[in-house]
$ cat target-v5.cif   # mmCIF, C-alpha atoms
data_target
loop_
_atom_site.group_PDB
_atom_site.id
_atom_site.type_symbol
_atom_site.label_atom_id
_atom_site.label_comp_id
_atom_site.auth_asym_id
_atom_site.auth_seq_id
_atom_site.Cartn_x
_atom_site.Cartn_y
_atom_site.Cartn_z
ATOM 1 C CA MET A 1 0.236 -30.014 -6.523
ATOM 2 C CA ASP A 2 -1.316 -27.505 -4.099
ATOM 3 C CA LYS A 3 0.115 -23.985 -4.339
ATOM 4 C CA PHE A 4 -0.635 -20.750 -2.460
ATOM 5 C CA ILE A 5 0.992 -17.374 -3.213
ATOM 6 C CA TYR A 6 0.140 -14.341 -1.058
ATOM 7 C CA LYS A 7 1.135 -10.709 -1.719
ATOM 8 C CA LYS A 8 -0.042 -7.466 -0.110
ATOM 9 C CA SER A 9 -0.313 -3.882 -1.404
ATOM 10 C CA ALA A 10 -2.380 -0.762 -0.628
ATOM 11 C CA GLY A 11 -3.984 -2.576 2.323
ATOM 12 C CA ILE A 12 -5.276 -5.479 0.197
ATOM 13 C CA THR A 13 -4.015 -9.071 0.337
ATOM 14 C CA ALA A 14 -4.099 -11.093 -2.892
ATOM 15 C CA LEU A 15 -3.959 -14.881 -3.073
ATOM 16 C CA SER A 16 -3.222 -16.988 -6.147
ATOM 17 C CA ALA A 17 -4.050 -20.628 -5.405
ATOM 18 C CA SER A 18 -4.066 -24.018 -7.120
ATOM 19 C CA ILE A 19 -5.733 -26.850 -5.219
ATOM 20 C CA THR A 20 -6.015 -30.532 -5.992
ATOM 21 C CA GLU A 21 -6.133 -32.374 -2.684
ATOM 22 C CA PHE A 22 -6.066 -29.617 -0.074
ATOM 23 C CA LYS A 23 -9.312 -28.921 1.819
ATOM 24 C CA TYR A 24 -9.957 -25.797 3.895
ATOM 25 C CA LYS A 25 -11.431 -26.440 7.324
ATOM 26 C CA LYS A 26 -14.440 -24.294 8.255
ATOM 27 C CA HIS A 27 -13.133 -20.795 8.988
ATOM 28 C CA SER A 28 -13.986 -17.134 8.499
ATOM 29 C CA HIS A 29 -12.081 -13.947 7.680
ATOM 30 C CA MET A 30 -12.309 -10.546 9.334
ATOM 31 C CA GLU A 31 -12.062 -9.064 5.821
ATOM 32 C CA TYR A 32 -14.304 -9.117 2.784
ATOM 33 C CA ALA A 33 -13.073 -11.900 0.491
ATOM 34 C CA ILE A 34 -13.700 -11.489 -3.234
ATOM 35 C CA GLY A 35 -12.381 -13.950 -5.800
ATOM 36 C CA VAL A 36 -12.641 -15.572 -9.208
ATOM 37 C CA THR A 37 -12.551 -19.260 -10.119
ATOM 38 C CA LEU A 38 -10.111 -19.466 -13.058
ATOM 39 C CA ARG A 39 -10.211 -23.228 -13.725
ATOM 40 C CA GLY A 40 -12.196 -26.141 -12.342
ATOM 41 C CA ILE A 41 -15.049 -25.972 -9.838
ATOM 42 C CA GLN A 42 -14.761 -24.610 -6.299
ATOM 43 C CA GLN A 43 -17.005 -26.293 -3.745
ATOM 44 C CA TYR A 44 -17.807 -24.883 -0.304
ATOM 45 C CA ASN A 45 -20.456 -24.735 2.390
ATOM 46 C CA LEU A 46 -21.629 -21.246 3.270
ATOM 47 C CA ASP A 47 -24.330 -20.463 5.831
ATOM 48 C CA GLY A 48 -25.472 -24.071 5.732
ATOM 49 C CA SER A 49 -25.828 -24.431 1.963
ATOM 50 C CA LEU A 50 -23.555 -26.001 -0.638
ATOM 51 C CA GLN A 51 -22.080 -23.596 -3.220
ATOM 52 C CA LEU A 52 -20.376 -24.434 -6.509
ATOM 53 C CA SER A 53 -18.345 -21.766 -8.285
ATOM 54 C CA TYR A 54 -17.637 -22.738 -11.909
ATOM 55 C CA GLN A 55 -15.041 -21.132 -14.192
ATOM 56 C CA ASN A 56 -15.435 -17.293 -14.245
ATOM 57 C CA GLY A 57 -17.576 -17.421 -11.099
ATOM 58 C CA VAL A 58 -17.098 -14.401 -8.838
ATOM 59 C CA MET A 59 -17.183 -15.468 -5.170
ATOM 60 C CA LEU A 60 -18.290 -12.904 -2.584
ATOM 61 C CA PHE A 61 -17.738 -13.511 1.133
ATOM 62 C CA ASN A 62 -18.856 -11.097 3.852
ATOM 63 C CA PRO A 63 -16.639 -10.507 6.897
ATOM 64 C CA GLU A 64 -16.878 -13.293 9.487
ATOM 65 C CA GLN A 65 -18.939 -15.516 7.186
ATOM 66 C CA ALA A 66 -17.948 -19.123 8.000
ATOM 67 C CA HIS A 67 -17.078 -21.430 5.096
ATOM 68 C CA ASP A 68 -14.875 -24.355 4.109
ATOM 69 C CA GLY A 69 -13.492 -25.008 0.604
ATOM 70 C CA MET A 70 -12.151 -27.644 -1.780
ATOM 71 C CA ALA A 71 -11.902 -28.712 -5.400
ATOM 72 C CA HIS A 72 -15.195 -30.267 -6.534
ATOM 73 C CA ASN A 73 -13.409 -33.143 -8.307
ATOM 74 C CA GLU A 74 -9.961 -34.572 -9.016
ATOM 75 C CA ALA A 75 -9.355 -32.097 -11.872
ATOM 76 C CA GLY A 76 -8.536 -29.545 -9.142
ATOM 77 C CA LEU A 77 -8.978 -25.791 -9.433
ATOM 78 C CA ASP A 78 -7.146 -22.489 -9.819
ATOM 79 C CA TYR A 79 -8.478 -19.271 -8.349
ATOM 80 C CA VAL A 80 -7.537 -15.814 -7.118
ATOM 81 C CA MET A 81 -8.885 -14.107 -4.016
ATOM 82 C CA LEU A 82 -8.656 -10.577 -2.623
ATOM 83 C CA TYR A 83 -8.986 -9.857 1.097
ATOM 84 C CA ILE A 84 -10.113 -6.294 1.834
ATOM 85 C CA GLU A 85 -10.415 -4.773 5.321
ATOM 86 C CA PRO A 86 -14.013 -3.674 6.049
ATOM 87 C CA GLN A 87 -12.801 -0.215 7.129
ATOM 88 C CA LEU A 88 -11.040 0.305 3.789
ATOM 89 C CA LEU A 89 -14.080 -0.762 1.775
ATOM 90 C CA LEU A 90 -16.422 1.479 3.794
ATOM 91 C CA GLU A 91 -14.037 4.418 3.336
ATOM 92 C CA ILE A 92 -14.151 3.964 -0.449
ATOM 93 C CA ILE A 93 -17.945 3.775 -0.697
ATOM 94 C CA GLU A 94 -18.325 6.499 1.968
ATOM 95 C CA LYS A 95 -20.579 4.467 4.254
ATOM 96 C CA LYS A 96 -20.424 4.063 8.035
ATOM 97 C CA ASP A 97 -22.086 0.696 8.522
ATOM 98 C CA ILE A 98 -21.042 -2.641 7.130
ATOM 99 C CA VAL A 99 -22.600 -3.502 3.779
ATOM 100 C CA ARG A 100 -23.247 -7.137 2.920
ATOM 101 C CA PHE A 101 -23.252 -9.126 -0.308
ATOM 102 C CA SER A 102 -26.640 -10.755 -0.791
ATOM 103 C CA THR A 103 -25.508 -13.285 -3.436
ATOM 104 C CA PRO A 104 -22.522 -15.599 -2.781
ATOM 105 C CA ILE A 105 -21.611 -16.246 -6.452
ATOM 106 C CA VAL A 106 -22.251 -14.059 -9.514
ATOM 107 C CA TYR A 107 -21.216 -14.331 -13.152
ATOM 108 C CA ASP A 108 -20.383 -10.780 -14.170
ATOM 109 C CA TYR A 109 -17.670 -10.295 -16.800
ATOM 110 C CA ARG A 110 -16.884 -6.668 -15.908
ATOM 111 C CA LEU A 111 -16.584 -7.420 -12.196
ATOM 112 C CA GLU A 112 -14.473 -10.498 -12.925
ATOM 113 C CA GLN A 113 -12.042 -8.458 -15.077
ATOM 114 C CA ARG A 114 -11.666 -5.817 -12.349
ATOM 115 C CA ILE A 115 -10.887 -8.468 -9.726
ATOM 116 C CA LEU A 116 -8.313 -10.029 -12.074
ATOM 117 C CA SER A 117 -6.719 -6.631 -12.863
ATOM 118 C CA LEU A 118 -6.290 -5.828 -9.185
ATOM 119 C CA SER A 119 -5.065 -9.294 -8.176
ATOM 120 C CA ASN A 120 -2.572 -9.335 -11.081
ATOM 121 C CA ALA A 121 -1.295 -5.863 -10.110
ATOM 122 C CA ILE A 122 -0.750 -6.906 -6.481
ATOM 123 C CA LEU A 123 0.768 -10.292 -7.311
ATOM 124 C CA SER A 124 3.185 -8.755 -9.832
ATOM 125 C CA GLU A 125 4.086 -5.987 -7.321
ATOM 126 C CA LYS A 126 2.918 -2.995 -9.336
ATOM 127 C CA ASP A 127 2.979 0.479 -7.745
ATOM 128 C CA GLU A 128 0.704 0.960 -4.756
ATOM 129 C CA ALA A 129 -0.973 3.981 -6.394
ATOM 130 C CA LEU A 130 -2.096 1.790 -9.311
ATOM 131 C CA CYS A 131 -3.417 -0.882 -6.906
ATOM 132 C CA SER A 132 -5.475 1.759 -5.055
ATOM 133 C CA GLU A 133 -7.004 2.950 -8.342
ATOM 134 C CA LEU A 134 -7.858 -0.597 -9.412
ATOM 135 C CA LEU A 135 -9.434 -1.198 -5.991
ATOM 136 C CA LEU A 136 -11.603 1.902 -6.456
ATOM 137 C CA SER A 137 -12.881 0.796 -9.877
ATOM 138 C CA LEU A 138 -13.523 -2.728 -8.519
ATOM 139 C CA THR A 139 -15.488 -1.334 -5.568
ATOM 140 C CA ASP A 140 -17.506 1.005 -7.774
ATOM 141 C CA SER A 141 -18.328 -2.004 -9.951
ATOM 142 C CA LEU A 142 -19.293 -4.105 -6.910
ATOM 143 C CA PHE A 143 -21.642 -1.546 -5.440
ATOM 144 C CA GLN A 144 -22.485 0.390 -8.638
ATOM 145 C CA THR A 145 -21.293 3.447 -6.742
ATOM 146 C CA ASN A 146 -21.611 6.803 -8.374
ATOM 147 C CA LEU A 147 -20.699 9.294 -5.697
ATOM 148 C CA SER A 148 -20.615 12.994 -6.398
ATOM 149 C CA THR A 149 -17.246 14.538 -7.187
ATOM 150 C CA GLY A 150 -17.927 18.126 -6.184
ATOM 151 C CA ASP A 151 -18.040 21.207 -8.405
ATOM 152 C CA LYS A 152 -15.689 23.417 -10.391
ATOM 153 C CA LYS A 153 -13.951 24.850 -7.313
ATOM 154 C CA ASP A 154 -12.252 21.464 -7.117
ATOM 155 C CA ASN A 155 -10.310 22.500 -10.243
ATOM 156 C CA ALA A 156 -7.818 24.287 -7.990
ATOM 157 C CA LEU A 157 -7.188 21.035 -6.099
ATOM 158 C CA VAL A 158 -6.673 19.127 -9.347
ATOM 159 C CA ARG A 159 -4.256 21.809 -10.608
ATOM 160 C CA LYS A 160 -2.305 21.616 -7.354
ATOM 161 C CA ALA A 161 -2.149 17.812 -7.612
ATOM 162 C CA LYS A 162 -0.869 18.057 -11.203
ATOM 163 C CA ASP A 163 1.854 20.487 -10.080
ATOM 164 C CA MET A 164 2.939 18.084 -7.324
ATOM 165 C CA ILE A 165 3.035 15.175 -9.803
ATOM 166 C CA HIS A 166 5.125 17.186 -12.299
ATOM 167 C CA THR A 167 7.747 18.135 -9.715
ATOM 168 C CA ASP A 168 8.471 14.523 -8.712
ATOM 169 C CA LEU A 169 8.405 12.398 -11.872
ATOM 170 C CA GLU A 170 11.593 10.461 -11.169
ATOM 171 C CA ASN A 171 10.086 8.741 -8.101
ATOM 172 C CA VAL A 172 7.024 6.559 -7.601
ATOM 173 C CA LEU A 173 3.709 8.395 -7.371
ATOM 174 C CA LYS A 174 3.185 9.373 -3.711
ATOM 175 C CA LEU A 175 -0.607 9.480 -3.420
ATOM 176 C CA ASP A 176 -0.508 9.790 0.377
ATOM 177 C CA GLU A 177 1.555 12.990 0.248
ATOM 178 C CA ILE A 178 -0.712 14.584 -2.374
ATOM 179 C CA CYS A 179 -3.854 13.650 -0.421
ATOM 180 C CA LYS A 180 -2.436 15.061 2.807
ATOM 181 C CA GLU A 181 -1.657 18.323 1.030
ATOM 182 C CA LEU A 182 -5.172 18.499 -0.479
ATOM 183 C CA ASN A 183 -6.863 17.302 2.719
ATOM 184 C CA LEU A 184 -8.707 14.502 0.899
ATOM 185 C CA SER A 185 -8.840 10.759 1.422
ATOM 186 C CA LYS A 186 -6.989 8.692 -1.178
ATOM 187 C CA PHE A 187 -10.198 7.512 -2.803
ATOM 188 C CA GLN A 188 -11.856 10.961 -2.758
ATOM 189 C CA PHE A 189 -8.776 12.260 -4.581
ATOM 190 C CA ILE A 190 -8.736 9.496 -7.230
ATOM 191 C CA ARG A 191 -12.462 10.053 -7.918
ATOM 192 C CA LEU A 192 -12.037 13.828 -8.111
ATOM 193 C CA PHE A 193 -9.016 13.615 -10.436
ATOM 194 C CA ASN A 194 -10.793 11.117 -12.703
ATOM 195 C CA ALA A 195 -13.924 13.258 -12.876
ATOM 196 C CA HIS A 196 -12.004 16.401 -13.859
ATOM 197 C CA THR A 197 -9.389 14.970 -16.208
ATOM 198 C CA GLY A 198 -10.935 11.762 -17.573
ATOM 199 C CA ILE A 199 -7.767 9.919 -16.571
ATOM 200 C CA SER A 200 -6.545 8.372 -13.313
ATOM 201 C CA PRO A 201 -3.728 10.032 -11.301
ATOM 202 C CA TYR A 202 -1.452 7.047 -11.975
ATOM 203 C CA GLN A 203 -2.057 7.158 -15.742
ATOM 204 C CA TYR A 204 -1.519 10.928 -15.716
ATOM 205 C CA PHE A 205 1.746 10.441 -13.803
ATOM 206 C CA LEU A 206 2.888 7.793 -16.324
ATOM 207 C CA ASN A 207 1.942 10.016 -19.268
ATOM 208 C CA CYS A 208 3.941 12.903 -17.790
ATOM 209 C CA LYS A 209 6.979 10.636 -17.392
ATOM 210 C CA ILE A 210 6.661 9.443 -21.012
ATOM 211 C CA GLU A 211 6.245 13.014 -22.286
ATOM 212 C CA ARG A 212 9.310 14.147 -20.285
ATOM 213 C CA ALA A 213 11.341 11.218 -21.670
ATOM 214 C CA LYS A 214 10.283 12.166 -25.229
ATOM 215 C CA GLN A 215 11.435 15.771 -24.665
ATOM 216 C CA LEU A 216 14.776 14.612 -23.262
ATOM 217 C CA ILE A 217 15.354 12.222 -26.196
ATOM 218 C CA GLU A 218 14.591 15.047 -28.651
ATOM 219 C CA LYS A 219 16.862 17.459 -26.798
ATOM 220 C CA ASN A 220 19.858 15.252 -25.944
ATOM 221 C CA GLY A 221 19.552 12.240 -28.261
ATOM 222 C CA ASP A 222 20.465 10.098 -25.236
ATOM 223 C CA ILE A 223 17.908 7.439 -24.428
ATOM 224 C CA TYR A 224 19.633 6.130 -21.289
ATOM 225 C CA SER A 225 19.682 9.508 -19.537
ATOM 226 C CA ALA A 226 15.942 9.739 -20.308
ATOM 227 C CA VAL A 227 15.435 6.342 -18.616
ATOM 228 C CA ALA A 228 17.347 7.485 -15.507
ATOM 229 C CA GLU A 229 15.931 11.019 -15.231
ATOM 230 C CA CYS A 230 12.336 9.881 -15.630
ATOM 231 C CA GLY A 231 12.599 7.058 -13.114
ATOM 232 C CA PHE A 232 11.999 4.119 -15.462
ATOM 233 C CA VAL A 233 13.411 0.778 -14.287
ATOM 234 C CA ASP A 234 15.250 0.167 -17.569
ATOM 235 C CA LEU A 235 14.970 0.747 -21.317
ATOM 236 C CA THR A 236 12.456 -2.108 -21.731
ATOM 237 C CA HIS A 237 10.192 -0.437 -19.156
ATOM 238 C CA LEU A 238 10.371 2.919 -20.978
ATOM 239 C CA ASN A 239 9.889 1.300 -24.412
ATOM 240 C CA LYS A 240 6.756 -0.545 -23.268
ATOM 241 C CA HIS A 241 5.076 2.594 -21.898
ATOM 242 C CA PHE A 242 6.312 4.811 -24.743
ATOM 243 C CA LYS A 243 4.805 2.453 -27.318
ATOM 244 C CA SER A 244 1.436 2.441 -25.506
ATOM 245 C CA VAL A 245 1.184 6.220 -26.047
ATOM 246 C CA TYR A 246 3.106 6.848 -29.286
ATOM 247 C CA GLY A 247 2.763 3.527 -31.141
ATOM 248 C CA THR A 248 6.517 3.140 -31.383
ATOM 249 C CA THR A 249 9.229 2.387 -28.810
ATOM 250 C CA ALA A 250 11.417 5.170 -27.419
ATOM 251 C CA PHE A 251 14.394 3.532 -29.136
ATOM 252 C CA GLU A 252 12.648 3.546 -32.559
ATOM 253 C CA TYR A 253 11.495 7.117 -31.961
ATOM 254 C CA MET A 254 15.065 8.264 -31.309
ATOM 255 C CA SER A 255 16.290 6.637 -34.547
ATOM 256 C CA HIS A 256 13.490 8.400 -36.476
ATOM 257 C CA ILE A 257 14.231 11.889 -35.207
ATOM 258 C CA ASN A 258 18.054 11.777 -35.185
#
$ encode --input "target-v5.cif" --output "structure tokens"
Amino acid sequence: MDKFIYKKSAGITALSASITEFKYKKHSHMEYAIGVTLRGIQQYNLDGSLQLSYQNGVMLFNPEQAHDGMAHNEAGLDYVMLYIEPQLLLEIIEKKDIVRFSTPIVYDYRLEQRILSLSNAILSEKDEALCSELLLSLTDSLFQTNLSTGDKKDNALVRKAKDMIHTDLENVLKLDEICKELNLSKFQFIRLFNAHTGISPYQYFLNCKIERAKQLIEKNGDIYSAVAECGFVDLTHLNKHFKSVYGTTAFEYMSHIN
């Protein structure tokens, strides 16, 4: 049974596909296409030569690079693919001219995991801020980018960003608003914040929400008001994140302290 699921977030399109009989006609994409073969063998012609991507193979397509595609045999295949606008990728790596992948298929565990993290986040509709951060770490992994993050005067910008995050914990993290205020691009900001704090803006935002929920539980002994005031979807959502930081769920924590 052939299956194709597309979702989009933070300017990136993710595809989760299972193919048995379907065959792609020769085509090309305006975007970079980066994917992982999860099961089976993917077969395609690229620039006149036959390519086979086995399980865990990372497939790298340049913009406008013509290719077809099919399952190599009747066992079929499962794969994920990310489509990234050239302009977005160049903004992240701070380059003007198009950069090109020289190898069509690589076997690189770290790169594979970063592609899977980002595709899973987009397909399961996680917050856009998280998707942007995962895109940045994927891109840095792809191009081994290590761009400078400025000097200590940037501390003031980081402090300002933290203040903005603290004043709006009940809503989703609005990276665009923070970046506009700091006069930085989204990816410059994520890099800067990471360099100064050792944690991503999204993780910092989550930690602040969890810390606020903990304070409210201690103060009021009411777990459901903590869920509402800190903008968690429900108690399960709070419990999951609370446990990741404190080793116990918010519900268990409340029964310990009261």
$ resolve_selection --input "target-v5.cif" --expression "the PyMOL selection byres ((chain A and resi 57) around 10)" --output "count of residues only"
23
$ axis_aligned_box --input "target-v5.cif" --around "range 204-210 of chain A" --padding-each-side "8 Å" --output "lines of an AutoDock Vina configuration file"
center_x = 2.7
center_y = 10.3
center_z = -17.4
size_x = 24.5
size_y = 21.1
size_z = 23.2
$ residues_around --input "target-v5.cif" --residues "Lys180 in chain A" --least-positions-apart "5" --cutoff "12 Å" --atoms "only C-alpha atoms" --output "compact mmCIF listing (two decimals) with C-alpha atoms, in the coordinates of the input"
# COMPACT_ATOMS: atom_id res chain seq x y z
CA LEU A 157 -7.19 21.04 -6.10
CA ALA A 161 -2.15 17.81 -7.61
CA MET A 164 2.94 18.08 -7.32
CA LYS A 174 3.18 9.37 -3.71
CA LEU A 175 -0.61 9.48 -3.42
CA SER A 185 -8.84 10.76 1.42
CA LYS A 186 -6.99 8.69 -1.18
CA GLN A 188 -11.86 10.96 -2.76
CA PHE A 189 -8.78 12.26 -4.58
$ atom_distance --input "target-v5.cif" --atom1 "CA of Ser49 in chain A" --atom2 "CA of Lys23 in chain A"
17.1 Å
$ closest_residue --input "target-v5.cif" --among "A:Gln113, A:Ser255, A:Asn45, A:Asn73" --to "Leu135 in chain A" --atoms "only C-alpha atoms"
A:Gln113
$ resolve_selection --input "target-v5.cif" --expression "the PyMOL selection byres ((chain A and resi 90) around 12)" --output "ChimeraX atom specification"
/A:31-32,84-89,91-100,136,139-140,143,145,187
$ closest_residue --input "target-v5.cif" --among "A:Ser16, A:Thr103, A:Thr197, A:Ser141" --to "Leu123 in chain A" --atoms "all atoms listed in the file"
A:Ser16
$ atom_distance --input "target-v5.cif" --atom1 "CA of Tyr204 in chain A" --atom2 "CA of Leu82 in chain A"
26.2 Å
$ resolve_selection --input "target-v5.cif" --expression "the PyMOL selection byres ((chain A and resi 66) around 8)" --output "list in words"
Lys26, His27, Ser28, His29, Leu46, Asp47, Glu64, Gln65, His67 and Asp68 of chain A
$ atom_distance --input "target-v5.cif" --atom1 "CA of Glu177 in chain A" --atom2 "CA of Lys162 in chain A"
12.8 Å
$ closest_residue --input "target-v5.cif" --among "A:Ser137, A:Thr236, A:Asn220, A:Gln144" --to "Asn194 in chain A" --atoms "all atoms listed in the file"
A:Ser137
